[in-house]
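This is data.cif. It holds mmCIF, N, CA and C atoms.
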```
data_work
loop_
_atom_site.label_atom_id
_atom_site.label_comp_id
_atom_site.auth_asym_id
_atom_site.auth_seq_id
_atom_site.Cartn_x
_atom_site.Cartn_y
_atom_site.Cartn_z
N MET H 8 122.66 69.57 59.18
CA MET H 8 123.17 70.06 60.44
C MET H 8 122.79 69.08 61.54
N GLU H 9 123.72 68.79 62.39
CA GLU H 9 123.48 67.88 63.49
C GLU H 9 122.96 68.65 64.70
N LEU H 10 121.90 68.13 65.32
CA LEU H 10 121.31 68.75 66.49
C LEU H 10 122.24 68.63 67.69
N ILE H 11 122.50 69.77 68.34
CA ILE H 11 123.29 69.79 69.56
C ILE H 11 122.30 69.77 70.72
N ARG H 12 122.18 68.65 71.40
CA ARG H 12 121.17 68.47 72.44
C ARG H 12 121.25 69.52 73.53
N GLU H 13 122.44 70.02 73.82
CA GLU H 13 122.60 71.05 74.85
C GLU H 13 121.99 72.39 74.40
N HIS H 14 121.66 72.52 73.13
CA HIS H 14 121.07 73.76 72.61
C HIS H 14 119.55 73.68 72.51
N VAL H 15 118.96 72.61 73.06
CA VAL H 15 117.50 72.47 73.11
C VAL H 15 117.04 72.91 74.49
N TYR H 16 116.10 73.85 74.52
CA TYR H 16 115.64 74.41 75.79
C TYR H 16 114.13 74.26 75.91
N ARG H 17 113.70 73.77 77.08
CA ARG H 17 112.27 73.61 77.40
C ARG H 17 112.02 74.18 78.78
N PRO H 18 111.38 75.25 78.90
CA PRO H 18 110.99 76.19 77.86
C PRO H 18 112.16 77.11 77.51
N ALA H 19 112.16 77.62 76.28
CA ALA H 19 113.20 78.55 75.83
C ALA H 19 112.71 79.98 75.97
N VAL H 20 111.48 80.20 75.55
CA VAL H 20 110.89 81.55 75.55
C VAL H 20 109.47 81.42 76.07
N GLU H 21 109.05 82.39 76.86
CA GLU H 21 107.68 82.42 77.33
C GLU H 21 107.11 83.80 77.05
N PHE H 22 105.93 83.83 76.44
CA PHE H 22 105.21 85.09 76.21
C PHE H 22 104.14 85.19 77.29
N LEU H 23 104.06 86.36 77.91
CA LEU H 23 103.08 86.61 78.95
C LEU H 23 102.19 87.77 78.55
N ARG H 24 100.89 87.62 78.75
CA ARG H 24 99.95 88.69 78.45
C ARG H 24 100.16 89.81 79.46
N SER H 25 100.34 91.03 78.97
CA SER H 25 100.57 92.16 79.86
C SER H 25 99.35 93.06 79.98
N GLY H 26 98.33 92.79 79.17
CA GLY H 26 97.12 93.61 79.23
C GLY H 26 96.56 93.87 77.85
N PRO H 27 95.80 94.94 77.69
CA PRO H 27 95.14 95.23 76.41
C PRO H 27 96.12 95.34 75.24
N GLU H 28 97.35 95.78 75.50
CA GLU H 28 98.32 95.90 74.41
C GLU H 28 98.68 94.53 73.83
N SER H 29 98.63 93.49 74.64
CA SER H 29 98.87 92.14 74.14
C SER H 29 97.73 91.69 73.23
N ASP H 30 96.51 92.06 73.61
CA ASP H 30 95.35 91.75 72.77
C ASP H 30 95.43 92.50 71.45
N GLU H 31 95.91 93.73 71.50
CA GLU H 31 96.07 94.52 70.28
C GLU H 31 97.12 93.89 69.36
N LEU H 32 98.16 93.30 69.95
CA LEU H 32 99.16 92.58 69.14
C LEU H 32 98.51 91.43 68.41
N MET H 33 97.65 90.67 69.09
CA MET H 33 96.96 89.55 68.44
C MET H 33 96.08 90.04 67.30
N THR H 34 95.35 91.13 67.53
CA THR H 34 94.49 91.70 66.50
C THR H 34 95.32 92.15 65.30
N ALA H 35 96.46 92.81 65.57
CA ALA H 35 97.34 93.28 64.49
C ALA H 35 97.92 92.11 63.70
N LEU H 36 98.38 91.06 64.40
CA LEU H 36 98.92 89.89 63.71
C LEU H 36 97.86 89.22 62.85
N ALA H 37 96.67 89.07 63.41
CA ALA H 37 95.59 88.43 62.65
C ALA H 37 95.27 89.24 61.39
N ALA H 38 95.21 90.55 61.51
CA ALA H 38 94.94 91.41 60.35
C ALA H 38 96.08 91.31 59.33
N LEU H 39 97.30 91.36 59.81
CA LEU H 39 98.47 91.25 58.93
C LEU H 39 98.48 89.92 58.18
N TYR H 40 98.11 88.85 58.87
CA TYR H 40 98.11 87.52 58.28
C TYR H 40 96.84 87.20 57.51
N GLY H 41 95.86 88.11 57.51
CA GLY H 41 94.62 87.86 56.79
C GLY H 41 93.75 86.80 57.43
N VAL H 42 93.83 86.68 58.75
CA VAL H 42 93.05 85.70 59.48
C VAL H 42 91.85 86.40 60.11
N PRO H 43 90.63 86.03 59.71
CA PRO H 43 89.47 86.67 60.33
C PRO H 43 89.39 86.28 61.81
N ALA H 44 89.56 87.26 62.68
CA ALA H 44 89.62 86.95 64.10
C ALA H 44 89.17 88.15 64.93
N PRO H 45 87.87 88.37 65.01
CA PRO H 45 87.40 89.50 65.81
C PRO H 45 87.50 89.19 67.31
N ASN H 46 87.72 90.22 68.09
CA ASN H 46 87.71 90.11 69.56
C ASN H 46 88.70 89.09 70.11
N LEU H 47 89.94 89.14 69.65
CA LEU H 47 90.94 88.21 70.17
C LEU H 47 91.51 88.72 71.48
N ARG H 48 91.84 87.77 72.34
CA ARG H 48 92.52 88.05 73.59
C ARG H 48 93.73 87.13 73.63
N MET H 49 94.89 87.69 73.94
CA MET H 49 96.08 86.86 74.04
C MET H 49 95.95 85.93 75.25
N VAL H 50 96.46 84.71 75.10
CA VAL H 50 96.47 83.78 76.22
C VAL H 50 97.31 84.39 77.35
N ASP H 51 97.05 83.98 78.58
CA ASP H 51 97.78 84.55 79.71
C ASP H 51 99.28 84.23 79.64
N ALA H 52 99.61 83.03 79.19
CA ALA H 52 101.01 82.64 79.07
C ALA H 52 101.12 81.49 78.08
N ILE H 53 102.22 81.49 77.34
CA ILE H 53 102.52 80.38 76.44
C ILE H 53 104.03 80.19 76.42
N SER H 54 104.45 78.94 76.52
CA SER H 54 105.88 78.60 76.51
C SER H 54 106.23 77.93 75.20
N PHE H 55 107.44 78.17 74.74
CA PHE H 55 107.93 77.59 73.50
C PHE H 55 109.19 76.77 73.78
N THR H 56 109.26 75.60 73.20
CA THR H 56 110.51 74.87 73.16
C THR H 56 111.36 75.55 72.10
N GLY H 57 112.65 75.67 72.34
CA GLY H 57 113.52 76.33 71.39
C GLY H 57 114.81 75.58 71.17
N ILE H 58 115.36 75.79 69.98
CA ILE H 58 116.68 75.24 69.64
C ILE H 58 117.55 76.40 69.21
N ALA H 59 118.65 76.62 69.94
CA ALA H 59 119.63 77.63 69.54
C ALA H 59 120.31 77.12 68.27
N LEU H 60 120.32 77.95 67.22
CA LEU H 60 120.77 77.49 65.92
C LEU H 60 122.27 77.61 65.69
N GLN H 61 122.99 78.33 66.53
CA GLN H 61 124.43 78.47 66.31
C GLN H 61 125.17 77.23 66.82
N GLN H 62 126.33 77.01 66.26
CA GLN H 62 127.15 75.88 66.65
C GLN H 62 127.97 76.17 67.90
N ASP H 63 128.26 77.45 68.15
CA ASP H 63 129.06 77.85 69.31
C ASP H 63 128.25 77.73 70.59
N ASP H 64 128.94 77.88 71.73
CA ASP H 64 128.26 77.90 73.01
C ASP H 64 127.27 79.05 73.06
N VAL H 65 126.19 78.87 73.79
CA VAL H 65 125.16 79.89 73.93
C VAL H 65 125.57 80.83 75.07
N ASP H 66 125.72 82.12 74.72
CA ASP H 66 126.06 83.14 75.72
C ASP H 66 125.30 84.41 75.37
N MET H 67 124.14 84.58 76.00
CA MET H 67 123.27 85.71 75.69
C MET H 67 123.90 87.06 75.97
N GLU H 68 124.82 87.12 76.87
CA GLU H 68 125.41 88.40 77.26
C GLU H 68 126.46 88.91 76.28
N SER H 69 127.03 88.03 75.47
CA SER H 69 128.12 88.46 74.60
C SER H 69 127.73 88.64 73.13
N GLY H 70 126.61 88.09 72.72
CA GLY H 70 126.25 88.23 71.31
C GLY H 70 124.85 87.74 71.04
N PRO H 71 124.39 87.97 69.82
CA PRO H 71 123.02 87.56 69.46
C PRO H 71 122.87 86.05 69.41
N ILE H 72 121.65 85.61 69.65
CA ILE H 72 121.32 84.19 69.60
C ILE H 72 120.14 84.02 68.66
N LYS H 73 120.24 83.07 67.76
CA LYS H 73 119.15 82.73 66.85
C LYS H 73 118.51 81.45 67.34
N ILE H 74 117.20 81.52 67.58
CA ILE H 74 116.47 80.40 68.16
C ILE H 74 115.30 80.03 67.25
N LYS H 75 115.12 78.76 67.02
CA LYS H 75 113.93 78.27 66.33
C LYS H 75 112.95 77.85 67.41
N LEU H 76 111.75 78.45 67.40
CA LEU H 76 110.74 78.16 68.40
C LEU H 76 109.71 77.18 67.86
N PHE H 77 109.25 76.30 68.73
CA PHE H 77 108.22 75.34 68.41
C PHE H 77 107.02 75.65 69.27
N GLY H 78 105.88 75.93 68.62
CA GLY H 78 104.70 76.41 69.31
C GLY H 78 103.97 75.40 70.14
N ARG H 79 104.27 74.18 70.01
CA ARG H 79 103.69 73.13 70.84
C ARG H 79 104.82 72.21 71.27
N ASN H 80 104.77 71.78 72.50
CA ASN H 80 105.77 70.85 72.99
C ASN H 80 105.63 69.55 72.23
N SER H 81 106.74 69.00 71.79
CA SER H 81 106.69 67.77 70.98
C SER H 81 106.15 66.59 71.77
N ASP H 82 106.06 66.69 73.10
CA ASP H 82 105.51 65.61 73.90
C ASP H 82 103.98 65.62 73.92
N GLU H 83 103.37 66.71 73.46
CA GLU H 83 101.92 66.83 73.48
C GLU H 83 101.30 66.13 72.27
N GLU H 84 100.11 65.61 72.48
CA GLU H 84 99.32 65.08 71.37
C GLU H 84 98.66 66.28 70.71
N ILE H 85 99.04 66.59 69.49
CA ILE H 85 98.47 67.76 68.82
C ILE H 85 98.03 67.39 67.41
N GLU H 86 97.08 68.14 66.95
CA GLU H 86 96.65 67.99 65.56
C GLU H 86 97.63 68.74 64.67
N ARG H 87 97.76 68.32 63.44
CA ARG H 87 98.68 68.96 62.50
C ARG H 87 98.39 70.44 62.33
N ASP H 88 97.12 70.83 62.35
CA ASP H 88 96.78 72.23 62.14
C ASP H 88 96.95 73.09 63.39
N GLU H 89 97.43 72.49 64.49
CA GLU H 89 97.72 73.24 65.71
C GLU H 89 99.22 73.52 65.86
N TYR H 90 100.04 72.86 65.07
CA TYR H 90 101.49 72.96 65.20
C TYR H 90 102.01 74.19 64.46
N PHE H 91 102.96 74.90 65.06
CA PHE H 91 103.58 76.04 64.38
C PHE H 91 105.00 76.24 64.86
N GLU H 92 105.78 76.89 64.02
CA GLU H 92 107.17 77.22 64.32
C GLU H 92 107.40 78.68 63.97
N SER H 93 108.41 79.26 64.59
CA SER H 93 108.83 80.62 64.24
C SER H 93 110.29 80.78 64.62
N PHE H 94 110.87 81.92 64.24
CA PHE H 94 112.24 82.22 64.60
C PHE H 94 112.25 83.38 65.58
N PHE H 95 113.12 83.30 66.56
CA PHE H 95 113.23 84.32 67.60
C PHE H 95 114.71 84.64 67.75
N ASN H 96 115.09 85.84 67.36
CA ASN H 96 116.49 86.25 67.45
C ASN H 96 116.62 87.25 68.59
N LEU H 97 117.49 86.94 69.52
CA LEU H 97 117.65 87.73 70.72
C LEU H 97 119.02 88.39 70.72
N GLY H 98 119.03 89.72 70.85
CA GLY H 98 120.28 90.46 70.93
C GLY H 98 120.27 91.36 72.15
N LEU H 99 120.65 90.83 73.30
CA LEU H 99 120.63 91.62 74.53
C LEU H 99 121.57 92.81 74.45
N THR H 100 122.74 92.63 73.83
CA THR H 100 123.71 93.73 73.77
C THR H 100 123.19 94.88 72.92
N SER H 101 122.39 94.58 71.90
CA SER H 101 121.83 95.65 71.05
C SER H 101 120.45 96.10 71.54
N GLY H 102 119.85 95.32 72.43
CA GLY H 102 118.53 95.68 72.96
C GLY H 102 117.38 95.35 72.03
N PHE H 103 117.58 94.40 71.10
CA PHE H 103 116.53 94.06 70.16
C PHE H 103 116.16 92.58 70.22
N VAL H 104 114.89 92.33 69.96
CA VAL H 104 114.37 90.99 69.78
C VAL H 104 113.65 90.99 68.44
N PHE H 105 113.93 90.01 67.62
CA PHE H 105 113.26 89.87 66.33
C PHE H 105 112.50 88.56 66.35
N TRP H 106 111.22 88.64 66.08
CA TRP H 106 110.36 87.46 66.04
C TRP H 106 109.84 87.35 64.63
N ASN H 107 110.21 86.30 63.92
CA ASN H 107 109.88 86.16 62.51
C ASN H 107 109.15 84.85 62.24
N GLU H 108 108.27 84.90 61.26
CA GLU H 108 107.59 83.66 60.89
C GLU H 108 108.55 82.75 60.14
N LYS H 109 108.33 81.47 60.28
CA LYS H 109 109.12 80.49 59.55
C LYS H 109 108.49 80.20 58.20
N ASP H 110 107.16 80.11 58.20
CA ASP H 110 106.45 79.72 56.99
C ASP H 110 105.03 80.26 57.07
N PRO H 111 104.50 80.81 55.97
CA PRO H 111 103.12 81.33 56.00
C PRO H 111 102.08 80.27 56.38
N ASP H 112 102.37 78.99 56.18
CA ASP H 112 101.41 77.94 56.54
C ASP H 112 101.19 77.86 58.05
N TYR H 113 102.09 78.45 58.83
CA TYR H 113 101.95 78.43 60.28
C TYR H 113 101.18 79.63 60.83
N ARG H 114 100.70 80.51 59.98
CA ARG H 114 100.04 81.73 60.44
C ARG H 114 98.77 81.44 61.24
N VAL H 115 97.87 80.66 60.69
CA VAL H 115 96.61 80.38 61.40
C VAL H 115 96.87 79.61 62.70
N PRO H 116 97.67 78.54 62.69
CA PRO H 116 97.95 77.86 63.96
C PRO H 116 98.61 78.78 64.99
N LEU H 117 99.48 79.69 64.54
CA LEU H 117 100.13 80.59 65.47
C LEU H 117 99.09 81.52 66.14
N ILE H 118 98.19 82.09 65.36
CA ILE H 118 97.14 82.95 65.92
C ILE H 118 96.27 82.14 66.88
N ARG H 119 95.90 80.94 66.50
CA ARG H 119 95.10 80.08 67.38
C ARG H 119 95.83 79.74 68.67
N GLY H 120 97.13 79.50 68.58
CA GLY H 120 97.90 79.12 69.76
C GLY H 120 98.15 80.26 70.73
N LEU H 121 98.22 81.47 70.19
CA LEU H 121 98.53 82.63 71.03
C LEU H 121 97.31 83.36 71.56
N SER H 122 96.12 82.97 71.12
CA SER H 122 94.95 83.77 71.49
C SER H 122 93.74 82.89 71.82
N VAL H 123 92.76 83.55 72.43
CA VAL H 123 91.46 82.96 72.68
C VAL H 123 90.42 84.00 72.30
N ALA H 124 89.22 83.57 72.02
CA ALA H 124 88.16 84.53 71.69
C ALA H 124 87.88 85.38 72.91
N GLY H 125 87.76 86.69 72.68
CA GLY H 125 87.54 87.64 73.78
C GLY H 125 86.15 87.81 74.06
#
```
I'd like the structure from this file rewritten - as structure tokens, please.
Amino acid sequence: MELIREHVYRPAVEFLRSGPESDELMTALAALYGVPAPNLRMVDAISFTGIALQQDDVDMESGPIKIKLFGRNSDEEIERDEYFESFFNLGLTSGFVFWNEKDPDYRVPLIRGLSVAG
């Protein structure tokens, strides 16, 4: 598949900590992924570079959009074990957002990237 440069967004998605429920999400993800992580606190904000995966024009109001998210900006100097990817499917018309892992190898970097020790 050829990359459509107009479908690359920086930032594409931003997660913002809303309070204790965000910390509970981090704890739940860590437990689900089998990552020992007591007392996690979600970072205040994290931005993801994204690539819309469809070939058609991007129109959030008319249909779902499938986005591949990159947990670190490619311009940053990062260690291999800090890099992670995931999928983010947005359906405004249906009112749903689906956030899915791309690969189990990204679980630990994802938890590290989204949280800090509380």
Residue members of the PyMOL selection byres (((chain H and resi 35-41 and name CA) around 12) and name CA) in the file shown, as a PDB file with N, CA and C atoms, in the coordinates of the input:
```
ATOM      1  N   GLU H  28      97.350  95.780  75.500  1.00  0.00           N
ATOM      2  CA  GLU H  28      98.320  95.900  74.410  1.00  0.00           C
ATOM      3  C   GLU H  28      98.680  94.530  73.830  1.00  0.00           C
ATOM      4  N   SER H  29      98.630  93.490  74.640  1.00  0.00           N
ATOM      5  CA  SER H  29      98.870  92.140  74.140  1.00  0.00           C
ATOM      6  C   SER H  29      97.730  91.690  73.230  1.00  0.00           C
ATOM      7  N   ASP H  30      96.510  92.060  73.610  1.00  0.00           N
ATOM      8  CA  ASP H  30      95.350  91.750  72.770  1.00  0.00           C
ATOM      9  C   ASP H  30      95.430  92.500  71.450  1.00  0.00           C
ATOM     10  N   GLU H  31      95.910  93.730  71.500  1.00  0.00           N
ATOM     11  CA  GLU H  31      96.070  94.520  70.280  1.00  0.00           C
ATOM     12  C   GLU H  31      97.120  93.890  69.360  1.00  0.00           C
ATOM     13  N   LEU H  32      98.160  93.300  69.950  1.00  0.00           N
ATOM     14  CA  LEU H  32      99.160  92.580  69.140  1.00  0.00           C
ATOM     15  C   LEU H  32      98.510  91.430  68.410  1.00  0.00           C
ATOM     16  N   MET H  33      97.650  90.670  69.090  1.00  0.00           N
ATOM     17  CA  MET H  33      96.960  89.550  68.440  1.00  0.00           C
ATOM     18  C   MET H  33      96.080  90.040  67.300  1.00  0.00           C
ATOM     19  N   THR H  34      95.350  91.130  67.530  1.00  0.00           N
ATOM     20  CA  THR H  34      94.490  91.700  66.500  1.00  0.00           C
ATOM     21  C   THR H  34      95.320  92.150  65.300  1.00  0.00           C
ATOM     22  N   VAL H  42      93.830  86.680  58.750  1.00  0.00           N
ATOM     23  CA  VAL H  42      93.050  85.700  59.480  1.00  0.00           C
ATOM     24  C   VAL H  42      91.850  86.400  60.110  1.00  0.00           C
ATOM     25  N   PRO H  43      90.630  86.030  59.710  1.00  0.00           N
ATOM     26  CA  PRO H  43      89.470  86.670  60.330  1.00  0.00           C
ATOM     27  C   PRO H  43      89.390  86.280  61.810  1.00  0.00           C
ATOM     28  N   ALA H  44      89.560  87.260  62.680  1.00  0.00           N
ATOM     29  CA  ALA H  44      89.620  86.950  64.100  1.00  0.00           C
ATOM     30  C   ALA H  44      89.170  88.150  64.930  1.00  0.00           C
ATOM     31  N   PRO H  45      87.870  88.370  65.010  1.00  0.00           N
ATOM     32  CA  PRO H  45      87.400  89.500  65.810  1.00  0.00           C
ATOM     33  C   PRO H  45      87.500  89.190  67.310  1.00  0.00           C
ATOM     34  N   ASN H  46      87.720  90.220  68.090  1.00  0.00           N
ATOM     35  CA  ASN H  46      87.710  90.110  69.560  1.00  0.00           C
ATOM     36  C   ASN H  46      88.700  89.090  70.110  1.00  0.00           C
ATOM     37  N   LEU H  47      89.940  89.140  69.650  1.00  0.00           N
ATOM     38  CA  LEU H  47      90.940  88.210  70.170  1.00  0.00           C
ATOM     39  C   LEU H  47      91.510  88.720  71.480  1.00  0.00           C
ATOM     40  N   ARG H  48      91.840  87.770  72.340  1.00  0.00           N
ATOM     41  CA  ARG H  48      92.520  88.050  73.590  1.00  0.00           C
ATOM     42  C   ARG H  48      93.730  87.130  73.630  1.00  0.00           C
ATOM     43  N   MET H  49      94.890  87.690  73.940  1.00  0.00           N
ATOM     44  CA  MET H  49      96.080  86.860  74.040  1.00  0.00           C
ATOM     45  C   MET H  49      95.950  85.930  75.250  1.00  0.00           C
ATOM     46  N   TRP H 106     111.220  88.640  66.080  1.00  0.00           N
ATOM     47  CA  TRP H 106     110.360  87.460  66.040  1.00  0.00           C
ATOM     48  C   TRP H 106     109.840  87.350  64.630  1.00  0.00           C
ATOM     49  N   ASN H 107     110.210  86.300  63.920  1.00  0.00           N
ATOM     50  CA  ASN H 107     109.880  86.160  62.510  1.00  0.00           C
ATOM     51  C   ASN H 107     109.150  84.850  62.240  1.00  0.00           C
ATOM     52  N   GLU H 108     108.270  84.900  61.260  1.00  0.00           N
ATOM     53  CA  GLU H 108     107.590  83.660  60.890  1.00  0.00           C
ATOM     54  C   GLU H 108     108.550  82.750  60.140  1.00  0.00           C
ATOM     55  N   ASP H 110     107.160  80.110  58.200  1.00  0.00           N
ATOM     56  CA  ASP H 110     106.450  79.720  56.990  1.00  0.00           C
ATOM     57  C   ASP H 110     105.030  80.260  57.070  1.00  0.00           C
ATOM     58  N   PRO H 111     104.500  80.810  55.970  1.00  0.00           N
ATOM     59  CA  PRO H 111     103.120  81.330  56.000  1.00  0.00           C
ATOM     60  C   PRO H 111     102.080  80.270  56.380  1.00  0.00           C
ATOM     61  N   ASP H 112     102.370  78.990  56.180  1.00  0.00           N
ATOM     62  CA  ASP H 112     101.410  77.940  56.540  1.00  0.00           C
ATOM     63  C   ASP H 112     101.190  77.860  58.050  1.00  0.00           C
ATOM     64  N   TYR H 113     102.090  78.450  58.830  1.00  0.00           N
ATOM     65  CA  TYR H 113     101.950  78.430  60.280  1.00  0.00           C
ATOM     66  C   TYR H 113     101.180  79.630  60.830  1.00  0.00           C
ATOM     67  N   ARG H 114     100.700  80.510  59.980  1.00  0.00           N
ATOM     68  CA  ARG H 114     100.040  81.730  60.440  1.00  0.00           C
ATOM     69  C   ARG H 114      98.770  81.440  61.240  1.00  0.00           C
ATOM     70  N   VAL H 115      97.870  80.660  60.690  1.00  0.00           N
ATOM     71  CA  VAL H 115      96.610  80.380  61.400  1.00  0.00           C
ATOM     72  C   VAL H 115      96.870  79.610  62.700  1.00  0.00           C
ATOM     73  N   PRO H 116      97.670  78.540  62.690  1.00  0.00           N
ATOM     74  CA  PRO H 116      97.950  77.860  63.960  1.00  0.00           C
ATOM     75  C   PRO H 116      98.610  78.780  64.990  1.00  0.00           C
ATOM     76  N   LEU H 117      99.480  79.690  64.540  1.00  0.00           N
ATOM     77  CA  LEU H 117     100.130  80.590  65.470  1.00  0.00           C
ATOM     78  C   LEU H 117      99.090  81.520  66.140  1.00  0.00           C
ATOM     79  N   ILE H 118      98.190  82.090  65.360  1.00  0.00           N
ATOM     80  CA  ILE H 118      97.140  82.950  65.920  1.00  0.00           C
ATOM     81  C   ILE H 118      96.270  82.140  66.880  1.00  0.00           C
ATOM     82  N   ARG H 119      95.900  80.940  66.500  1.00  0.00           N
ATOM     83  CA  ARG H 119      95.100  80.080  67.380  1.00  0.00           C
ATOM     84  C   ARG H 119      95.830  79.740  68.670  1.00  0.00           C
ATOM     85  N   GLY H 120      97.130  79.500  68.580  1.00  0.00           N
ATOM     86  CA  GLY H 120      97.900  79.120  69.760  1.00  0.00           C
ATOM     87  C   GLY H 120      98.150  80.260  70.730  1.00  0.00           C
ATOM     88  N   LEU H 121      98.220  81.470  70.190  1.00  0.00           N
ATOM     89  CA  LEU H 121      98.530  82.630  71.030  1.00  0.00           C
ATOM     90  C   LEU H 121      97.310  83.360  71.560  1.00  0.00           C
ATOM     91  N   SER H 122      96.120  82.970  71.120  1.00  0.00           N
ATOM     92  CA  SER H 122      94.950  83.770  71.490  1.00  0.00           C
ATOM     93  C   SER H 122      93.740  82.890  71.820  1.00  0.00           C
TER      94      SER H 122
END
```
My list of candidates is H:Asp64, H:Lys109, H:Ala124, H:Phe77. Which is closest to H:Pro18 when distances are computed with only C-alpha atoms?
H:Phe77
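Here atom CA of H:Arg24 is placed at a distance of 15.8 Å from atom C of H:Phe55.
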Would you mind writing down, as a ChimeraX atom specification, each residue of chain H that DSSP on the backbone assigns to strand (DSSP E or B)?
/H:15-23,47-49,52-59,72-77,92-98,103-108,122-124
Under the PyMOL selection byres ((chain H and resi 97) around 7), which residues of this model are included? Write them out as a VMD selection string.
chain H and resid 70 to 74 95 to 96 98 to 100 103 to 105
So, counting only C-alpha atoms, which residue among H:Ala59, H:Leu76, H:Met67, H:Ile53 is closest to H:Val123?
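Comparing H:Ala59, H:Leu76, H:Met67, H:Ile53 against H:Val123, the winner is H:Ile53.
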Pull the helix (DSSP H, G or I) assignments for chain H out of DSSP run on the backbone, and list those residues as a PyMOL selection string.
chain H and resi 12-14+27-40+87-89+111-121
Write out, as a tab-separated table (two decimals), in the frame of the given file, the residues just selected, with N, CA and C atoms.
```tsv
chain	number	residue	atom	x	y	z
H	12	ARG	N	122.18	68.65	71.40
H	12	ARG	CA	121.17	68.47	72.44
H	12	ARG	C	121.25	69.52	73.53
H	13	GLU	N	122.44	70.02	73.82
H	13	GLU	CA	122.60	71.05	74.85
H	13	GLU	C	121.99	72.39	74.40
H	14	HIS	N	121.66	72.52	73.13
H	14	HIS	CA	121.07	73.76	72.61
H	14	HIS	C	119.55	73.68	72.51
H	27	PRO	N	95.80	94.94	77.69
H	27	PRO	CA	95.14	95.23	76.41
H	27	PRO	C	96.12	95.34	75.24
H	28	GLU	N	97.35	95.78	75.50
H	28	GLU	CA	98.32	95.90	74.41
H	28	GLU	C	98.68	94.53	73.83
H	29	SER	N	98.63	93.49	74.64
H	29	SER	CA	98.87	92.14	74.14
H	29	SER	C	97.73	91.69	73.23
H	30	ASP	N	96.51	92.06	73.61
H	30	ASP	CA	95.35	91.75	72.77
H	30	ASP	C	95.43	92.50	71.45
H	31	GLU	N	95.91	93.73	71.50
H	31	GLU	CA	96.07	94.52	70.28
H	31	GLU	C	97.12	93.89	69.36
H	32	LEU	N	98.16	93.30	69.95
H	32	LEU	CA	99.16	92.58	69.14
H	32	LEU	C	98.51	91.43	68.41
H	33	MET	N	97.65	90.67	69.09
H	33	MET	CA	96.96	89.55	68.44
H	33	MET	C	96.08	90.04	67.30
H	34	THR	N	95.35	91.13	67.53
H	34	THR	CA	94.49	91.70	66.50
H	34	THR	C	95.32	92.15	65.30
H	35	ALA	N	96.46	92.81	65.57
H	35	ALA	CA	97.34	93.28	64.49
H	35	ALA	C	97.92	92.11	63.70
H	36	LEU	N	98.38	91.06	64.40
H	36	LEU	CA	98.92	89.89	63.71
H	36	LEU	C	97.86	89.22	62.85
H	37	ALA	N	96.67	89.07	63.41
H	37	ALA	CA	95.59	88.43	62.65
H	37	ALA	C	95.27	89.24	61.39
H	38	ALA	N	95.21	90.55	61.51
H	38	ALA	CA	94.94	91.41	60.35
H	38	ALA	C	96.08	91.31	59.33
H	39	LEU	N	97.30	91.36	59.81
H	39	LEU	CA	98.47	91.25	58.93
H	39	LEU	C	98.48	89.92	58.18
H	40	TYR	N	98.11	88.85	58.87
H	40	TYR	CA	98.11	87.52	58.28
H	40	TYR	C	96.84	87.20	57.51
H	87	ARG	N	97.76	68.32	63.44
H	87	ARG	CA	98.68	68.96	62.50
H	87	ARG	C	98.39	70.44	62.33
H	88	ASP	N	97.12	70.83	62.35
H	88	ASP	CA	96.78	72.23	62.14
H	88	ASP	C	96.95	73.09	63.39
H	89	GLU	N	97.43	72.49	64.49
H	89	GLU	CA	97.72	73.24	65.71
H	89	GLU	C	99.22	73.52	65.86
H	111	PRO	N	104.50	80.81	55.97
H	111	PRO	CA	103.12	81.33	56.00
H	111	PRO	C	102.08	80.27	56.38
H	112	ASP	N	102.37	78.99	56.18
H	112	ASP	CA	101.41	77.94	56.54
H	112	ASP	C	101.19	77.86	58.05
H	113	TYR	N	102.09	78.45	58.83
H	113	TYR	CA	101.95	78.43	60.28
H	113	TYR	C	101.18	79.63	60.83
H	114	ARG	N	100.70	80.51	59.98
H	114	ARG	CA	100.04	81.73	60.44
H	114	ARG	C	98.77	81.44	61.24
H	115	VAL	N	97.87	80.66	60.69
H	115	VAL	CA	96.61	80.38	61.40
H	115	VAL	C	96.87	79.61	62.70
H	116	PRO	N	97.67	78.54	62.69
H	116	PRO	CA	97.95	77.86	63.96
H	116	PRO	C	98.61	78.78	64.99
H	117	LEU	N	99.48	79.69	64.54
H	117	LEU	CA	100.13	80.59	65.47
H	117	LEU	C	99.09	81.52	66.14
H	118	ILE	N	98.19	82.09	65.36
H	118	ILE	CA	97.14	82.95	65.92
H	118	ILE	C	96.27	82.14	66.88
H	119	ARG	N	95.90	80.94	66.50
H	119	ARG	CA	95.10	80.08	67.38
H	119	ARG	C	95.83	79.74	68.67
H	120	GLY	N	97.13	79.50	68.58
H	120	GLY	CA	97.90	79.12	69.76
H	120	GLY	C	98.15	80.26	70.73
H	121	LEU	N	98.22	81.47	70.19
H	121	LEU	CA	98.53	82.63	71.03
H	121	LEU	C	97.31	83.36	71.56
```
